[in-house]
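Next up, coords-v4.txt (compact mmCIF, C-alpha atoms):
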```
# COMPACT_ATOMS: atom_id res chain seq x y z
CA MET A 17 69.67 136.90 112.71
CA GLU A 18 66.34 136.39 110.95
CA HIS A 19 64.55 139.01 108.85
CA SER A 20 65.94 142.37 107.87
CA PRO A 21 66.68 144.82 110.70
CA ALA A 22 67.47 147.53 108.16
CA HIS A 23 64.34 149.58 108.85
CA ASP A 24 64.82 149.88 112.59
CA PRO A 25 63.20 153.16 113.67
CA ASP A 26 66.09 154.03 115.99
CA GLY A 27 68.62 154.55 113.23
CA SER A 28 69.54 154.18 109.58
CA PRO A 29 72.12 151.90 107.96
CA SER A 30 75.56 153.25 107.11
CA ALA A 31 77.23 153.04 103.70
CA HIS A 32 78.91 149.76 102.83
CA THR A 33 82.58 150.56 102.34
CA ARG A 34 86.00 149.91 103.84
CA ARG A 35 87.37 153.34 102.85
CA ARG A 36 88.49 155.49 105.75
CA PHE A 37 87.92 159.22 105.74
CA LEU A 38 90.08 161.82 107.50
CA ILE A 39 88.02 164.90 108.26
CA ALA A 40 89.90 167.97 109.44
CA ALA A 41 87.50 170.17 111.34
CA GLY A 42 87.43 172.68 114.14
CA SER A 43 84.79 173.05 116.82
CA GLY A 44 81.50 174.87 116.33
CA VAL A 45 80.52 176.72 119.50
CA ALA A 46 77.17 178.33 120.19
CA VAL A 47 77.04 180.94 122.96
CA THR A 48 74.13 182.95 124.36
CA ALA A 49 74.26 186.67 124.98
CA ALA A 50 75.09 185.85 128.59
CA GLY A 51 78.08 183.84 127.47
CA ILE A 52 76.62 180.40 128.29
CA LEU A 53 77.97 177.56 126.17
CA LEU A 54 75.15 175.73 124.43
CA ALA A 55 77.01 173.24 122.26
CA THR A 56 80.40 172.27 120.97
CA ILE A 57 79.90 170.38 117.73
CA PRO A 58 82.65 169.38 115.30
CA PRO A 59 81.26 170.30 111.87
CA GLY A 60 81.47 168.08 108.81
CA ALA A 61 83.36 168.96 105.68
CA ASP A 62 80.54 171.29 104.60
CA GLY A 63 80.34 172.98 107.98
CA GLY A 64 77.21 171.01 108.93
CA ALA A 65 76.77 167.81 110.89
CA PRO A 66 79.86 165.70 111.69
CA ALA A 67 80.81 163.14 109.06
CA VAL A 68 79.88 159.56 109.94
CA ASP A 69 82.67 156.98 109.90
CA PRO A 70 81.21 154.01 107.97
CA ASP A 71 83.54 151.71 109.90
CA ASN A 72 82.32 153.03 113.26
CA PRO A 73 78.98 154.76 112.60
CA ARG A 74 78.01 155.00 116.27
CA GLY A 75 81.38 156.30 117.45
CA LEU A 76 81.93 153.29 119.71
CA PRO A 77 85.14 152.88 121.72
CA GLU A 78 87.67 151.03 119.57
CA TYR A 79 90.20 148.41 120.67
CA GLU A 80 92.81 146.14 119.15
CA PRO A 81 90.79 143.05 118.17
CA VAL A 82 91.61 139.66 119.67
CA TYR A 83 91.07 137.96 116.30
CA ASP A 84 94.20 138.95 114.41
CA ARG A 85 92.49 139.06 110.99
CA ALA A 86 89.78 141.46 112.17
CA PHE A 87 89.78 144.92 110.63
CA LYS A 88 88.66 146.66 113.80
CA GLY A 89 87.41 145.99 117.31
CA LEU A 90 84.35 147.95 118.47
CA GLU A 91 82.82 147.82 121.95
CA ALA A 92 79.17 147.12 121.02
CA PRO A 93 76.81 147.91 123.93
CA LEU A 94 75.18 144.47 123.75
CA GLY A 95 78.49 142.93 124.78
CA PHE A 96 77.91 144.33 128.25
CA ALA A 97 75.69 143.22 131.15
CA ASP A 98 73.60 146.38 130.70
CA CYS A 99 73.76 147.76 127.16
CA ARG A 100 72.46 151.16 128.29
CA ASN A 101 75.21 151.37 130.88
CA PRO A 102 78.11 149.58 129.13
CA ILE A 103 80.64 149.20 131.92
CA ALA A 104 80.81 145.51 132.91
CA ARG A 105 81.17 143.04 130.02
CA SER A 106 78.66 140.21 129.87
CA THR A 107 80.35 137.15 131.34
CA ARG A 108 80.05 133.52 130.25
CA ASP A 109 79.23 132.12 133.69
CA THR A 110 75.43 132.13 133.39
CA ALA A 111 73.10 130.53 130.84
CA GLY A 112 69.43 130.14 130.01
CA SER A 113 66.49 132.42 130.71
CA ASP A 114 66.84 131.60 134.41
CA HIS A 115 70.51 132.69 134.41
CA HIS A 116 71.70 129.51 136.05
CA THR A 117 75.41 129.19 136.79
CA VAL A 118 77.66 127.40 134.30
CA THR A 119 81.38 126.88 133.92
CA PRO A 120 82.58 129.21 131.15
CA ILE A 121 83.78 127.55 127.96
CA ILE A 122 83.89 128.18 124.22
CA ASP A 123 83.03 125.00 122.32
CA ARG A 124 80.81 126.13 119.44
CA PHE A 125 81.15 128.42 116.42
CA VAL A 126 77.71 129.58 115.24
CA ILE A 127 77.11 130.96 111.74
CA HIS A 128 74.32 133.47 111.11
CA HIS A 129 73.29 135.68 108.21
CA THR A 130 71.79 139.15 108.25
CA GLY A 131 68.71 138.36 106.16
CA THR A 132 69.36 141.55 104.18
CA THR A 133 71.93 142.97 101.78
CA GLU A 134 71.85 146.35 103.51
CA GLU A 135 74.85 147.34 105.63
CA GLN A 136 74.27 146.36 109.27
CA LEU A 137 77.19 147.77 111.27
CA ASP A 138 75.12 150.68 112.55
CA PHE A 139 72.31 148.36 113.65
CA LEU A 140 74.65 145.96 115.45
CA SER A 141 76.47 148.84 117.16
CA ARG A 142 73.60 149.77 119.45
CA CYS A 143 70.98 148.50 121.86
CA ASN A 144 68.82 147.37 118.95
CA ARG A 145 65.28 146.04 119.18
CA ARG A 146 66.36 142.43 118.50
CA SER A 147 69.10 142.48 121.13
CA SER A 148 71.40 141.26 118.38
CA ALA A 149 75.18 141.63 118.44
CA PRO A 150 77.51 138.78 117.42
CA THR A 151 81.15 138.30 118.24
CA PHE A 152 82.01 139.06 114.60
CA TYR A 153 80.33 140.90 111.74
CA LEU A 154 81.51 139.82 108.27
CA ARG A 155 81.06 142.13 105.27
CA ASN A 156 80.84 141.07 101.61
CA ASP A 157 84.46 142.09 100.98
CA GLY A 158 85.68 139.74 103.72
CA SER A 159 86.40 142.42 106.31
CA VAL A 160 85.68 141.37 109.89
CA PHE A 161 84.55 143.61 112.72
CA GLU A 162 84.93 142.26 116.25
CA LEU A 163 81.92 143.69 118.06
CA ILE A 164 82.20 141.71 121.28
CA ARG A 165 85.46 140.44 122.75
CA PRO A 166 85.68 136.62 122.54
CA GLY A 167 85.95 136.47 126.32
CA ALA A 168 82.55 138.13 126.68
CA LYS A 169 79.19 136.56 125.89
CA PRO A 170 77.71 137.46 122.49
CA SER A 171 74.06 138.43 122.11
CA SER A 172 73.18 136.45 119.02
CA THR A 173 72.11 132.82 119.22
CA GLY A 174 69.98 132.52 122.35
CA ALA A 175 70.45 132.22 126.09
CA ASP A 176 71.23 128.50 125.95
CA TRP A 177 74.04 128.99 123.43
CA ASN A 178 75.51 132.47 123.77
CA TRP A 179 77.50 131.53 126.87
CA ARG A 180 79.42 128.73 125.11
CA SER A 181 79.87 130.07 121.56
CA LEU A 182 81.44 132.57 119.25
CA ALA A 183 78.95 133.92 116.71
CA VAL A 184 79.40 135.53 113.31
CA GLU A 185 76.81 137.59 111.46
CA THR A 186 77.40 137.31 107.70
CA LEU A 187 76.12 140.11 105.46
CA ASP A 188 74.16 138.63 102.57
CA ALA A 189 75.35 139.40 99.03
CA THR A 190 71.93 138.63 97.53
CA GLY A 191 68.44 138.52 98.94
CA ALA A 192 65.68 135.92 98.97
CA PRO A 193 65.34 133.14 98.27
CA ASP A 194 68.99 131.99 98.34
CA TYR A 195 70.69 134.68 100.44
CA THR A 196 74.09 133.97 98.93
CA VAL A 197 77.40 135.26 100.29
CA THR A 198 80.66 135.94 98.49
CA ALA A 199 83.62 133.60 97.98
CA VAL A 200 85.80 135.79 100.20
CA GLN A 201 83.22 135.53 102.98
CA LEU A 202 83.28 131.73 102.74
CA GLU A 203 87.06 131.84 102.97
CA GLU A 204 87.00 134.16 105.96
CA LEU A 205 84.52 131.94 107.80
CA ALA A 206 86.96 129.06 107.34
CA GLN A 207 89.83 131.24 108.55
CA MET A 208 87.92 132.16 111.73
CA ILE A 209 87.12 128.53 112.46
CA ALA A 210 90.74 127.45 111.93
CA TRP A 211 91.89 130.27 114.20
CA LEU A 212 89.53 129.20 116.98
CA ALA A 213 90.81 125.62 116.71
CA THR A 214 94.35 126.79 117.55
CA TYR A 215 93.05 127.55 121.06
CA ASP A 216 91.70 124.06 121.73
CA GLY A 217 92.87 123.04 125.20
CA ARG A 218 93.98 126.60 125.96
CA THR A 219 92.25 129.83 126.86
CA LEU A 220 91.00 132.51 124.47
CA ASP A 221 90.67 135.97 125.97
CA GLY A 222 90.56 134.32 129.40
CA VAL A 223 87.99 131.60 128.57
CA PRO A 224 88.83 127.87 128.20
CA VAL A 225 88.32 126.47 124.70
CA SER A 226 87.29 122.94 123.72
CA PHE A 227 86.88 123.06 119.97
CA THR A 228 87.36 120.65 117.06
CA ILE A 229 86.83 121.51 113.41
CA ASP A 230 83.81 119.37 112.64
CA ARG A 231 80.08 119.72 112.16
CA GLU A 232 79.37 119.06 115.81
CA HIS A 233 81.26 122.19 116.80
CA VAL A 234 80.61 124.35 113.72
CA ILE A 235 76.86 124.89 113.51
CA SER A 236 74.27 127.20 112.02
CA HIS A 237 71.59 129.13 113.84
CA ARG A 238 68.77 126.97 112.44
CA GLU A 239 70.40 123.78 113.74
CA ILE A 240 69.86 124.85 117.33
CA TRP A 241 66.70 126.89 116.98
CA SER A 242 63.88 125.52 114.87
CA GLY A 243 62.13 128.88 114.63
CA THR A 244 64.57 130.35 112.10
CA GLU A 245 65.85 129.74 108.57
CA CYS A 246 69.11 131.52 109.41
CA PRO A 247 71.73 131.40 107.84
CA GLY A 248 69.69 130.94 104.66
CA PRO A 249 69.75 128.12 102.08
CA TYR A 250 73.08 129.00 100.48
CA LEU A 251 75.22 129.23 103.61
CA GLN A 252 73.54 126.17 105.09
CA SER A 253 74.44 124.19 101.97
CA ARG A 254 78.07 125.29 102.21
CA LEU A 255 78.76 124.40 105.85
CA ASP A 256 80.51 121.13 105.01
CA ASP A 257 82.71 122.96 102.50
CA ILE A 258 83.56 125.64 105.07
CA VAL A 259 84.55 123.00 107.62
CA ALA A 260 86.68 121.16 105.04
CA ARG A 261 88.47 124.38 104.10
CA ALA A 262 89.03 125.24 107.78
CA ARG A 263 90.71 121.86 108.27
CA GLU A 264 93.04 122.62 105.34
CA ILE A 265 93.99 125.98 106.83
CA PHE A 266 94.53 124.49 110.27
CA ALA A 267 96.70 121.66 108.90
CA ALA A 268 98.82 124.09 106.89
CA HIS A 269 99.63 126.12 109.99
```

Using the file provided, produce a representation of the structure as structure tokens.
Amino acid sequence: MEHSPAHDPDGSPSAHTRRRFLIAAGSGVAVTAAGILLATIPPGADGGAPAVDPDNPRGLPEYEPVYDRAFKGLEAPLGFADCRNPIARSTRDTAGSDHHTVTPIIDRFVIHHTGTTEEQLDFLSRCNRRSSAPTFYLRNDGSVFELIRPGAKPSSTGADWNWRSLAVETLDATGAPDYTVTAVQLEELAQMIAWLATYDGRTLDGVPVSFTIDREHVISHREIWSGTECPGPYLQSRLDDIVARAREIFAAH
């Protein structure tokens, strides 16, 4: 994803933290003189607005993630055929702007960066203005959120590549010009790639996988779309290292 989406007018970014909060609250009920229910709103700890869960700021449906190292699975609207009516997941059987028919497959792992150091889970959890939602969102502390099931098509890299790829959006640890990420993020990228390679010749979440740990199959956003600098200079320079580490992990298991 190129450029910061942090100032999207439709919402504000959530706090960057992995802490979970348990809020015990009743229901606030407003009733007219005629006894008509106007609202039932669970108050926050101070009796006001409900507390926002930083690990699910939009209150999306949660599921057990397919990727076993993921912290949480969230059903992001852009993982569906119609994000404003999220019922049918977006399938991998069409590609391109003309929506021509293709045979579903996963054979690429595409690395992106956020282009900002501001927390992006809220932005990626809605029908945002960039139509951006990857398979995975990776925070600075190495925690992974699975926003779109691997069997469904991500909305991240472009119509010619979404249908055949898994995509990860990596939260930057520093801003321009280098857009660095943390050591634990580099490690987690390698772990994800090694995990995907275990499905080579099999199916992942119902989709056939043909994937080898090399630079043909592990690519960055800029390598397939010339109009972007994503994933930034630092991550781009570390792709060979990430692939080498993924091979070590795969061989060890």

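Interatomic distance, atom CA of A:Ser141 against atom CA of A:Pro73: 7.9 Å.
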
Kindly give the distance, in Å, that separates atom CA of A:Phe125 and atom CA of A:Arg108, rounded to a single decimal.
-> 14.8 Å

Please, what distance in Å, to one decimal, runs between atom CA of A:Arg238 and atom CA of A:Arg254?
-> 13.9 Å

Please provide as a ChimeraX atom specification all residues within 12 Å of A:Val234, with the sequence filter that same-chain residues fewer than 3 positions apart are discarded (counting all atoms listed in the file).
-> /A:122-128,181-184,205-206,208-210,212-213,227-231,237,239-240,252,254-260,262-263

Who sits within 7 Å of A:Gln201, only C-alpha atoms, same chain under 3 positions skipped, as a VMD selection string | chain A and resid 156 to 158 197 to 198 204 to 205

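Candidate residues A:Arg180, A:Thr110, A:Leu137, A:Glu91 were compared for distance to A:Pro224, and the nearest is A:Arg180, using only C-alpha atoms.
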
Which one is closest to A:Asn144: A:Pro66, A:Pro93, A:Pro81, A:Gly131? Count only C-alpha atoms.
->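 Ranked by minimum distance to A:Asn144, first place goes to A:Pro93.
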
Shell around A:Leu154 at 7 Å using only C-alpha atoms, local window under 4 positions removed, as a list of chain:residue names | A:Gly158, A:Ser159, A:Val160, A:Phe161, A:Val184, A:Glu185, A:Thr186, A:Leu187

Could you pull the residues within 12 Å of A:Lys88, counting all atoms listed in the file, minus those fewer than 6 positions along the same chain, as a PyMOL selection string?
-> chain A and resi 34+36+70-72+76-82+137+152-154+159-165

For A:Asp114, which of A:His269, A:Val223, A:Glu245, A:Ala175 is the closest residue, counting all atoms listed in the file?
->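 That would be A:Ala175, the residue with the smallest distance to A:Asp114.
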
Contact residues around A:Gly222 with all atoms listed in the file at 10 Å, ignoring same-chain residues under 2 positions, as a list in words =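 The neighbour list is Pro120, Ile121, Pro166, Gly167, Ala168, Arg218, Thr219, Leu220, Pro224 and Val225 of chain A.
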
Deliver the residues from the most recent selection as a file, using C-alpha atoms, as a PDB file, keeping the file's coordinate frame.
```pdb
ATOM      1  CA  PRO A 120      82.580 129.210 131.150  1.00  0.00           C
ATOM      2  CA  ILE A 121      83.780 127.550 127.960  1.00  0.00           C
ATOM      3  CA  PRO A 166      85.680 136.620 122.540  1.00  0.00           C
ATOM      4  CA  GLY A 167      85.950 136.470 126.320  1.00  0.00           C
ATOM      5  CA  ALA A 168      82.550 138.130 126.680  1.00  0.00           C
ATOM      6  CA  ARG A 218      93.980 126.600 125.960  1.00  0.00           C
ATOM      7  CA  THR A 219      92.250 129.830 126.860  1.00  0.00           C
ATOM      8  CA  LEU A 220      91.000 132.510 124.470  1.00  0.00           C
ATOM      9  CA  PRO A 224      88.830 127.870 128.200  1.00  0.00           C
ATOM     10  CA  VAL A 225      88.320 126.470 124.700  1.00  0.00           C
TER      11      VAL A 225
END
```

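Compared by their closest atoms to A:Arg155, and using only C-alpha atoms, the residues A:Gln207, A:Asp221, A:Asp176, A:Phe87 rank with A:Phe87 nearest.
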